[in-house]
>>> print(open('target22.cif').read())   # mmCIF, C-alpha atoms
data_structure
loop_
_atom_site.label_atom_id
_atom_site.label_comp_id
_atom_site.auth_asym_id
_atom_site.auth_seq_id
_atom_site.Cartn_x
_atom_site.Cartn_y
_atom_site.Cartn_z
CA MET Q 1 38.72 -50.43 5.14
CA LYS Q 2 37.06 -50.95 1.73
CA LEU Q 3 33.66 -50.82 3.39
CA ILE Q 4 34.42 -47.43 5.01
CA LEU Q 5 35.67 -46.01 1.69
CA PHE Q 6 32.56 -47.31 -0.07
CA ILE Q 7 30.25 -45.69 2.54
CA GLN Q 8 32.13 -42.37 2.30
CA LEU Q 9 31.90 -42.43 -1.50
CA CYS Q 10 28.14 -43.13 -1.32
CA LEU Q 11 27.60 -40.27 1.15
CA ILE Q 12 29.62 -37.78 -0.91
CA THR Q 13 27.80 -38.80 -4.10
CA SER Q 14 24.37 -38.47 -2.47
CA PHE Q 15 25.23 -34.98 -1.12
CA VAL Q 16 26.45 -33.81 -4.52
CA PHE Q 17 23.37 -35.03 -6.38
CA ALA Q 18 20.99 -33.84 -3.65
CA GLN Q 19 22.37 -30.30 -3.93
CA ASP Q 20 21.96 -30.34 -7.71
CA SER Q 21 18.38 -31.54 -7.57
CA LEU Q 22 17.44 -28.90 -4.98
CA GLN Q 23 18.98 -26.09 -7.00
CA THR Q 24 17.01 -26.95 -10.11
CA THR Q 25 13.67 -26.88 -8.27
CA HIS Q 26 14.10 -23.45 -6.63
CA LYS Q 27 11.76 -20.74 -7.78
CA GLU Q 28 12.06 -17.02 -7.25
CA GLY Q 29 11.67 -16.21 -3.57
CA TYR Q 30 12.14 -19.77 -2.33
CA LYS Q 31 14.33 -19.70 0.81
CA LYS Q 32 15.80 -16.29 -0.04
CA TRP Q 33 14.46 -12.75 -0.29
CA THR Q 34 13.54 -11.54 -3.75
CA ASN Q 35 14.86 -8.18 -4.93
CA TYR Q 36 12.79 -5.15 -3.96
CA LYS Q 37 10.11 -4.39 -6.54
CA THR Q 38 8.35 -1.04 -6.90
CA THR Q 39 4.60 -1.60 -6.75
CA PRO Q 40 1.48 0.57 -6.65
CA ARG Q 41 -0.23 0.73 -3.27
CA PHE Q 42 -3.73 1.73 -2.27
CA SER Q 43 -5.71 1.60 0.91
CA LEU Q 44 -9.23 2.26 2.13
CA GLY Q 45 -9.98 2.77 5.77
CA LEU Q 46 -12.19 4.03 8.50
CA GLN Q 47 -11.31 6.16 11.51
CA LYS Q 48 -14.11 8.41 12.71
CA ALA Q 49 -14.12 9.42 9.04
CA PHE Q 50 -13.49 7.46 5.85
CA TYR Q 51 -10.06 7.79 4.21
CA ALA Q 52 -8.27 6.62 1.08
CA GLU Q 53 -4.61 6.55 0.19
CA LEU Q 54 -2.64 6.05 -2.99
CA GLY Q 55 1.11 5.55 -3.15
CA ILE Q 56 4.15 3.50 -4.06
CA ALA Q 57 5.72 0.62 -2.12
CA ARG Q 58 9.05 -1.17 -2.36
CA HIS Q 59 8.06 -4.79 -1.71
CA GLN Q 60 10.00 -8.04 -1.36
CA TYR Q 61 9.06 -11.54 -0.22
CA MET Q 62 10.34 -15.05 0.42
CA TYR Q 63 8.76 -18.40 1.15
CA ASN Q 64 9.98 -21.77 2.36
CA ASP Q 65 8.60 -24.99 3.79
CA LEU Q 66 7.42 -23.23 6.97
CA GLY Q 67 5.52 -20.41 5.28
CA TYR Q 68 6.22 -17.01 3.80
CA ALA Q 69 7.37 -13.56 4.79
CA ALA Q 70 7.17 -10.18 3.10
CA LYS Q 71 8.27 -6.65 3.87
CA ALA Q 72 7.63 -3.30 2.30
CA TYR Q 73 8.38 0.33 2.86
CA TYR Q 74 6.17 2.91 1.24
CA THR Q 75 5.10 6.48 0.73
CA ALA Q 76 1.54 7.53 0.02
CA LEU Q 77 -0.86 10.45 -0.18
CA GLU Q 78 -3.89 10.28 2.08
CA TYR Q 79 -7.26 11.97 1.59
CA ILE Q 80 -9.84 12.29 4.37
CA PRO Q 81 -13.07 13.93 3.20
CA ILE Q 82 -15.03 15.74 5.93
CA PHE Q 83 -18.66 16.13 4.80
CA ASN Q 84 -20.68 16.80 7.93
CA SER Q 85 -19.71 20.36 8.87
CA SER Q 86 -19.46 23.65 7.02
CA THR Q 87 -16.44 24.78 9.08
CA ASP Q 88 -14.44 21.55 8.69
CA LYS Q 89 -12.34 21.00 5.60
CA SER Q 90 -11.02 17.83 4.09
CA VAL Q 91 -7.68 16.69 5.48
CA TYR Q 92 -4.72 15.68 3.32
CA GLY Q 93 -1.74 13.65 4.44
CA LEU Q 94 1.69 12.56 3.31
CA LYS Q 95 2.84 9.32 4.92
CA LEU Q 96 5.91 7.10 5.12
CA GLY Q 97 5.76 3.61 6.56
CA TYR Q 98 7.09 0.09 6.90
CA GLU Q 99 5.20 -3.22 6.99
CA LEU Q 100 6.32 -6.75 7.85
CA ASN Q 101 4.22 -9.85 7.18
CA VAL Q 102 5.16 -13.32 8.52
CA ARG Q 103 2.69 -16.04 7.62
CA ILE Q 104 -0.61 -14.32 8.48
CA LEU Q 105 0.68 -11.89 11.14
CA ALA Q 106 1.24 -8.36 9.84
CA LEU Q 107 2.91 -5.47 11.67
CA GLY Q 108 3.33 -1.90 10.51
CA LEU Q 109 4.50 1.53 11.58
CA GLU Q 110 3.85 4.77 9.75
CA GLY Q 111 4.36 8.45 10.25
CA LYS Q 112 2.20 10.99 8.50
CA TYR Q 113 1.91 14.72 8.17
CA GLN Q 114 -1.73 15.85 8.00
CA THR Q 115 -3.07 19.26 7.08
CA ASP Q 116 -6.26 21.09 6.12
CA PHE Q 117 -4.11 24.12 5.15
CA LYS Q 118 -5.08 25.93 8.38
CA GLN Q 119 -3.92 23.42 10.97
CA ASN Q 120 -1.45 20.57 10.78
CA ASP Q 121 -0.37 17.52 12.73
CA PHE Q 122 2.26 14.81 12.69
CA VAL Q 123 0.80 11.40 13.55
CA ILE Q 124 2.56 8.13 14.36
CA THR Q 125 0.48 4.98 13.78
CA PRO Q 126 1.59 1.52 14.93
CA LYS Q 127 -0.48 -1.18 13.19
CA LEU Q 128 -1.30 -4.84 13.81
CA GLY Q 129 -3.23 -7.11 11.48
CA LEU Q 130 -3.55 -10.06 9.16
CA GLY Q 131 -1.92 -10.32 5.75
CA ILE Q 132 -1.28 -12.52 2.75
CA MET Q 133 2.24 -12.40 1.22
CA GLY Q 134 2.52 -8.72 2.06
CA VAL Q 135 0.10 -8.06 -0.79
CA ILE Q 136 -3.23 -7.73 1.05
CA HIS Q 137 -3.52 -6.64 4.69
CA ILE Q 138 -6.27 -5.87 7.13
CA PHE Q 139 -4.90 -3.60 9.87
CA TYR Q 140 -5.95 -2.04 13.13
CA GLY Q 141 -3.89 1.04 13.93
CA TYR Q 142 -3.81 3.58 16.72
CA ASN Q 143 -3.12 7.20 15.70
CA ILE Q 144 -0.81 8.99 18.13
CA SER Q 145 -0.95 12.74 17.52
CA THR Q 146 2.05 14.94 18.33
CA ASN Q 147 0.01 18.15 18.17
CA GLY Q 148 -2.96 17.54 20.49
CA SER Q 149 -5.28 15.98 17.85
CA PRO Q 150 -6.34 19.14 15.98
CA PHE Q 151 -8.67 17.12 13.72
CA PRO Q 152 -11.38 15.64 16.01
CA LYS Q 153 -13.27 14.18 13.03
CA ILE Q 154 -10.37 11.76 12.42
CA GLY Q 155 -10.10 9.94 15.77
CA HIS Q 156 -7.47 7.62 17.19
CA HIS Q 157 -8.65 4.15 16.13
CA GLN Q 158 -8.09 3.16 12.51
CA PHE Q 159 -9.14 0.12 10.48
CA SER Q 160 -7.77 -0.33 6.98
CA LEU Q 161 -7.59 -2.64 3.98
CA VAL Q 162 -4.20 -2.27 2.26
CA CYS Q 163 -3.09 -3.65 -1.12
CA ASN Q 164 0.51 -3.67 -2.41
CA LEU Q 165 0.05 -4.84 -6.00
CA ASN Q 166 3.18 -6.94 -6.58
CA LYS Q 167 2.27 -9.03 -9.65
CA LYS Q 168 5.11 -11.51 -9.10
CA ALA Q 169 3.97 -12.26 -5.56
CA LEU Q 170 0.39 -12.65 -6.77
CA LYS Q 171 1.48 -15.15 -9.46
CA ASN Q 172 3.57 -17.20 -7.02
CA GLU Q 173 2.24 -20.77 -7.18
CA SER Q 174 3.75 -21.94 -3.88
CA TRP Q 175 1.61 -20.01 -1.44
#
>>> encode(input="target22.cif", output="structure tokens")
Amino acid sequence: MKLILFIQLCLITSFVFAQDSLQTTHKEGYKKWTNYKTTPRFSLGLQKAFYAELGIARHQYMYNDLGYAAKAYYTALEYIPIFNSSTDKSVYGLKLGYELNVRILALGLEGKYQTDFKQNDFVITPKLGLGIMGVIHIFYGYNISTNGSPFPKIGHHQFSLVCNLNKKALKNESW
């Protein structure tokens, strides 16, 4: 009977002290999602034409012993210069999107309204790529036009380099 009580006391004591020691070593983002942080976002890409975007993202991340995950939703302005024709004008876009990054796999979905102030289009772009902490991504996307692709200089296939500049995620020592 005394042996059983002694073992129970040892187990309870070890659980209590183990919980305390784990709590003191946790850093921001370890095993729980951080709060959303507003971060600047920029992207450079290539379709049939070059494009650039500038915007704002709401980014959060977490990491644990198995790796990290990050997610962000964003809005951005897109600029697609068209240089090779006198009749074509540059195309401007307003986009909304969501990205999820788990370890190195990155997924995204965005919708964008594009216009050259004569024609317009709404485009949905699912994206697949590689990423680091949701901060830097390389994506392949496929533009799905809802208006018959009125801008042939843009094309359907898209490659992009995306940066969500979350300083706290960049300073994280655990990844």
>>> resolve_selection(input="target22.cif", expression="the PyMOL selection byres ((chain Q and resi 102) around 10)", output="list in words")
Tyr61, Met62, Tyr63, Gly67, Tyr68, Ala69, Ala70, Lys71, Leu100, Asn101, Arg103, Ile104, Leu105, Ala106, Leu107, Leu130, Gly131, Ile132, Met133 and Gly134 of chain Q
>>> atom_distance(input="target22.cif", atom1="atom CA of Q:Arg41", atom2="atom CA of Q:Leu165")
6.2 Å
>>> residues_around(input="target22.cif", residues="Q:Ala52", least_positions_apart="2", cutoff="8 Å", atoms="only C-alpha atoms", output="count of residues only")
9
>>> resolve_selection(input="target22.cif", expression="the PyMOL selection byres ((chain Q and resi 117-122) around 8)", output="count of residues only")
13
>>> axis_aligned_box(input="target22.cif", around="stretch 50-63 of chain Q", padding_each_side="4 Å", output="AutoDock Vina command-line options")
--center_x -1.6 --center_y -5.3 --center_z 0.9 --size_x 31.8 --size_y 34.2 --size_z 17.9
>>> resolve_selection(input="target22.cif", expression="the PyMOL selection byres ((chain Q and resi 95) around 7)", output="JSON, numbers by chain")
{"Q": [75, 76, 77, 93, 94, 96, 97, 110, 111, 112, 113]}
>>> decode(input="target22.cif", residues="stretch 13-146 of chain Q", atoms="C-alpha atoms", output="PDB file, in the first residue's frame")
ATOM      1  CA  THR Q  13       5.096  15.347  -8.853  1.00  0.00           C
ATOM      2  CA  SER Q  14       6.791  14.573 -12.171  1.00  0.00           C
ATOM      3  CA  PHE Q  15       3.694  15.678 -14.151  1.00  0.00           C
ATOM      4  CA  VAL Q  16       3.453  18.940 -12.213  1.00  0.00           C
ATOM      5  CA  PHE Q  17       7.115  19.839 -12.688  1.00  0.00           C
ATOM      6  CA  ALA Q  18       7.148  18.686 -16.325  1.00  0.00           C
ATOM      7  CA  GLN Q  19       4.266  21.039 -17.139  1.00  0.00           C
ATOM      8  CA  ASP Q  20       6.042  23.952 -15.465  1.00  0.00           C
ATOM      9  CA  SER Q  21       9.290  23.362 -17.319  1.00  0.00           C
ATOM     10  CA  LEU Q  22       7.507  23.125 -20.683  1.00  0.00           C
ATOM     11  CA  GLN Q  23       5.587  26.335 -20.115  1.00  0.00           C
ATOM     12  CA  THR Q  24       8.713  28.336 -19.389  1.00  0.00           C
ATOM     13  CA  THR Q  25      10.417  27.226 -22.622  1.00  0.00           C
ATOM     14  CA  HIS Q  26       7.552  28.118 -25.001  1.00  0.00           C
ATOM     15  CA  LYS Q  27       8.197  30.905 -27.436  1.00  0.00           C
ATOM     16  CA  GLU Q  28       5.696  32.827 -29.489  1.00  0.00           C
ATOM     17  CA  GLY Q  29       4.110  30.547 -32.059  1.00  0.00           C
ATOM     18  CA  TYR Q  30       5.278  27.296 -30.484  1.00  0.00           C
ATOM     19  CA  LYS Q  31       2.414  24.759 -30.640  1.00  0.00           C
ATOM     20  CA  LYS Q  32      -0.236  27.452 -31.040  1.00  0.00           C
ATOM     21  CA  TRP Q  33      -1.133  30.004 -33.699  1.00  0.00           C
ATOM     22  CA  THR Q  34       0.196  33.505 -33.204  1.00  0.00           C
ATOM     23  CA  ASN Q  35      -2.186  36.435 -33.509  1.00  0.00           C
ATOM     24  CA  TYR Q  36      -2.738  37.780 -37.014  1.00  0.00           C
ATOM     25  CA  LYS Q  37      -0.204  40.457 -37.914  1.00  0.00           C
ATOM     26  CA  THR Q  38      -0.641  42.998 -40.707  1.00  0.00           C
ATOM     27  CA  THR Q  39       2.369  42.822 -43.011  1.00  0.00           C
ATOM     28  CA  PRO Q  40       3.413  44.370 -46.327  1.00  0.00           C
ATOM     29  CA  ARG Q  41       3.272  42.003 -49.283  1.00  0.00           C
ATOM     30  CA  PHE Q  42       4.901  42.146 -52.692  1.00  0.00           C
ATOM     31  CA  SER Q  43       5.197  39.781 -55.580  1.00  0.00           C
ATOM     32  CA  LEU Q  44       6.947  39.537 -58.926  1.00  0.00           C
ATOM     33  CA  GLY Q  45       5.805  37.120 -61.558  1.00  0.00           C
ATOM     34  CA  LEU Q  46       5.672  35.996 -65.121  1.00  0.00           C
ATOM     35  CA  GLN Q  47       2.674  34.964 -67.198  1.00  0.00           C
ATOM     36  CA  LYS Q  48       3.006  35.692 -70.901  1.00  0.00           C
ATOM     37  CA  ALA Q  49       3.867  39.148 -69.572  1.00  0.00           C
ATOM     38  CA  PHE Q  50       5.730  40.313 -66.469  1.00  0.00           C
ATOM     39  CA  TYR Q  51       3.657  41.508 -63.501  1.00  0.00           C
ATOM     40  CA  ALA Q  52       4.205  43.035 -60.079  1.00  0.00           C
ATOM     41  CA  GLU Q  53       1.905  43.390 -57.115  1.00  0.00           C
ATOM     42  CA  LEU Q  54       1.958  45.356 -53.899  1.00  0.00           C
ATOM     43  CA  GLY Q  55      -0.452  44.864 -51.020  1.00  0.00           C
ATOM     44  CA  ILE Q  56      -1.190  44.030 -47.409  1.00  0.00           C
ATOM     45  CA  ALA Q  57      -1.474  40.584 -45.806  1.00  0.00           C
ATOM     46  CA  ARG Q  58      -2.829  39.371 -42.475  1.00  0.00           C
ATOM     47  CA  HIS Q  59      -0.335  36.653 -41.549  1.00  0.00           C
ATOM     48  CA  GLN Q  60      -0.073  34.164 -38.682  1.00  0.00           C
ATOM     49  CA  TYR Q  61       2.122  31.141 -38.029  1.00  0.00           C
ATOM     50  CA  MET Q  62       2.903  28.322 -35.618  1.00  0.00           C
ATOM     51  CA  TYR Q  63       5.644  25.755 -35.264  1.00  0.00           C
ATOM     52  CA  ASN Q  64       6.170  22.594 -33.259  1.00  0.00           C
ATOM     53  CA  ASP Q  65       8.426  19.555 -33.196  1.00  0.00           C
ATOM     54  CA  LEU Q  66       7.083  18.325 -36.552  1.00  0.00           C
ATOM     55  CA  GLY Q  67       7.559  21.567 -38.483  1.00  0.00           C
ATOM     56  CA  TYR Q  68       5.712  24.804 -39.071  1.00  0.00           C
ATOM     57  CA  ALA Q  69       2.560  26.146 -40.644  1.00  0.00           C
ATOM     58  CA  ALA Q  70       1.477  29.599 -41.726  1.00  0.00           C
ATOM     59  CA  LYS Q  71      -1.601  31.161 -43.254  1.00  0.00           C
ATOM     60  CA  ALA Q  72      -2.397  34.552 -44.676  1.00  0.00           C
ATOM     61  CA  TYR Q  73      -5.197  36.363 -46.394  1.00  0.00           C
ATOM     62  CA  TYR Q  74      -4.390  39.421 -48.437  1.00  0.00           C
ATOM     63  CA  THR Q  75      -5.395  42.157 -50.807  1.00  0.00           C
ATOM     64  CA  ALA Q  76      -3.094  43.654 -53.409  1.00  0.00           C
ATOM     65  CA  LEU Q  77      -2.885  45.857 -56.482  1.00  0.00           C
ATOM     66  CA  GLU Q  78      -1.440  44.244 -59.589  1.00  0.00           C
ATOM     67  CA  TYR Q  79       0.279  45.961 -62.512  1.00  0.00           C
ATOM     68  CA  ILE Q  80       0.925  44.223 -65.838  1.00  0.00           C
ATOM     69  CA  PRO Q  81       2.834  46.426 -68.296  1.00  0.00           C
ATOM     70  CA  ILE Q  82       2.211  45.628 -71.976  1.00  0.00           C
ATOM     71  CA  PHE Q  83       5.090  47.033 -74.054  1.00  0.00           C
ATOM     72  CA  ASN Q  84       4.986  45.208 -77.374  1.00  0.00           C
ATOM     73  CA  SER Q  85       1.926  46.668 -79.098  1.00  0.00           C
ATOM     74  CA  SER Q  86       0.623  50.158 -79.745  1.00  0.00           C
ATOM     75  CA  THR Q  87      -3.020  49.050 -79.362  1.00  0.00           C
ATOM     76  CA  ASP Q  88      -2.543  47.145 -76.091  1.00  0.00           C
ATOM     77  CA  LYS Q  89      -2.580  49.012 -72.806  1.00  0.00           C
ATOM     78  CA  SER Q  90      -1.197  48.051 -69.451  1.00  0.00           C
ATOM     79  CA  VAL Q  91      -3.550  45.995 -67.297  1.00  0.00           C
ATOM     80  CA  TYR Q  92      -4.318  46.785 -63.658  1.00  0.00           C
ATOM     81  CA  GLY Q  93      -5.811  44.400 -61.145  1.00  0.00           C
ATOM     82  CA  LEU Q  94      -7.285  44.305 -57.663  1.00  0.00           C
ATOM     83  CA  LYS Q  95      -6.944  40.928 -55.979  1.00  0.00           C
ATOM     84  CA  LEU Q  96      -8.034  39.115 -52.828  1.00  0.00           C
ATOM     85  CA  GLY Q  97      -6.528  35.808 -51.796  1.00  0.00           C
ATOM     86  CA  TYR Q  98      -5.668  33.206 -49.191  1.00  0.00           C
ATOM     87  CA  GLU Q  99      -2.463  31.183 -48.751  1.00  0.00           C
ATOM     88  CA  LEU Q 100      -1.653  28.196 -46.551  1.00  0.00           C
ATOM     89  CA  ASN Q 101       1.886  26.911 -45.966  1.00  0.00           C
ATOM     90  CA  VAL Q 102       2.608  23.604 -44.166  1.00  0.00           C
ATOM     91  CA  ARG Q 103       6.294  22.761 -43.915  1.00  0.00           C
ATOM     92  CA  ILE Q 104       7.418  23.452 -47.499  1.00  0.00           C
ATOM     93  CA  LEU Q 105       4.089  22.849 -49.281  1.00  0.00           C
ATOM     94  CA  ALA Q 106       2.216  26.045 -50.128  1.00  0.00           C
ATOM     95  CA  LEU Q 107      -1.331  26.340 -51.477  1.00  0.00           C
ATOM     96  CA  GLY Q 108      -3.190  29.458 -52.512  1.00  0.00           C
ATOM     97  CA  LEU Q 109      -6.381  30.729 -54.096  1.00  0.00           C
ATOM     98  CA  GLU Q 110      -7.003  34.239 -55.337  1.00  0.00           C
ATOM     99  CA  GLY Q 111      -9.629  36.154 -57.212  1.00  0.00           C
ATOM    100  CA  LYS Q 112      -8.785  39.285 -59.135  1.00  0.00           C
ATOM    101  CA  TYR Q 113     -10.529  41.928 -61.151  1.00  0.00           C
ATOM    102  CA  GLN Q 114      -8.423  43.062 -64.119  1.00  0.00           C
ATOM    103  CA  THR Q 115      -8.988  46.042 -66.377  1.00  0.00           C
ATOM    104  CA  ASP Q 116      -7.302  48.186 -69.018  1.00  0.00           C
ATOM    105  CA  PHE Q 117     -10.195  50.686 -68.696  1.00  0.00           C
ATOM    106  CA  LYS Q 118     -11.737  49.424 -71.957  1.00  0.00           C
ATOM    107  CA  GLN Q 119     -12.184  45.747 -71.157  1.00  0.00           C
ATOM    108  CA  ASN Q 120     -12.332  43.898 -67.870  1.00  0.00           C
ATOM    109  CA  ASP Q 121     -12.173  40.376 -66.509  1.00  0.00           C
ATOM    110  CA  PHE Q 122     -12.584  38.479 -63.271  1.00  0.00           C
ATOM    111  CA  VAL Q 123      -9.935  35.773 -62.869  1.00  0.00           C
ATOM    112  CA  ILE Q 124      -9.710  32.932 -60.345  1.00  0.00           C
ATOM    113  CA  THR Q 125      -6.203  31.547 -59.776  1.00  0.00           C
ATOM    114  CA  PRO Q 126      -5.531  28.368 -57.763  1.00  0.00           C
ATOM    115  CA  LYS Q 127      -1.827  28.161 -56.833  1.00  0.00           C
ATOM    116  CA  LEU Q 128       0.579  25.424 -55.741  1.00  0.00           C
ATOM    117  CA  GLY Q 129       4.159  25.925 -54.647  1.00  0.00           C
ATOM    118  CA  LEU Q 130       6.938  25.867 -52.100  1.00  0.00           C
ATOM    119  CA  GLY Q 131       7.207  28.195 -49.123  1.00  0.00           C
ATOM    120  CA  ILE Q 132       9.122  29.050 -45.991  1.00  0.00           C
ATOM    121  CA  MET Q 133       7.061  30.021 -42.900  1.00  0.00           C
ATOM    122  CA  GLY Q 134       4.474  31.694 -45.108  1.00  0.00           C
ATOM    123  CA  VAL Q 135       6.974  34.494 -45.638  1.00  0.00           C
ATOM    124  CA  ILE Q 136       8.534  33.550 -48.993  1.00  0.00           C
ATOM    125  CA  HIS Q 137       6.734  31.472 -51.628  1.00  0.00           C
ATOM    126  CA  ILE Q 138       7.377  30.299 -55.143  1.00  0.00           C
ATOM    127  CA  PHE Q 139       4.050  29.526 -56.827  1.00  0.00           C
ATOM    128  CA  TYR Q 140       2.687  28.088 -60.029  1.00  0.00           C
ATOM    129  CA  GLY Q 141      -0.850  29.271 -60.699  1.00  0.00           C
ATOM    130  CA  TYR Q 142      -3.408  28.732 -63.423  1.00  0.00           C
ATOM    131  CA  ASN Q 143      -5.537  31.757 -64.369  1.00  0.00           C
ATOM    132  CA  ILE Q 144      -9.176  30.842 -65.007  1.00  0.00           C
ATOM    133  CA  SER Q 145     -10.926  33.702 -66.790  1.00  0.00           C
ATOM    134  CA  THR Q 146     -14.675  34.240 -66.357  1.00  0.00           C
TER     135      THR Q 146
END
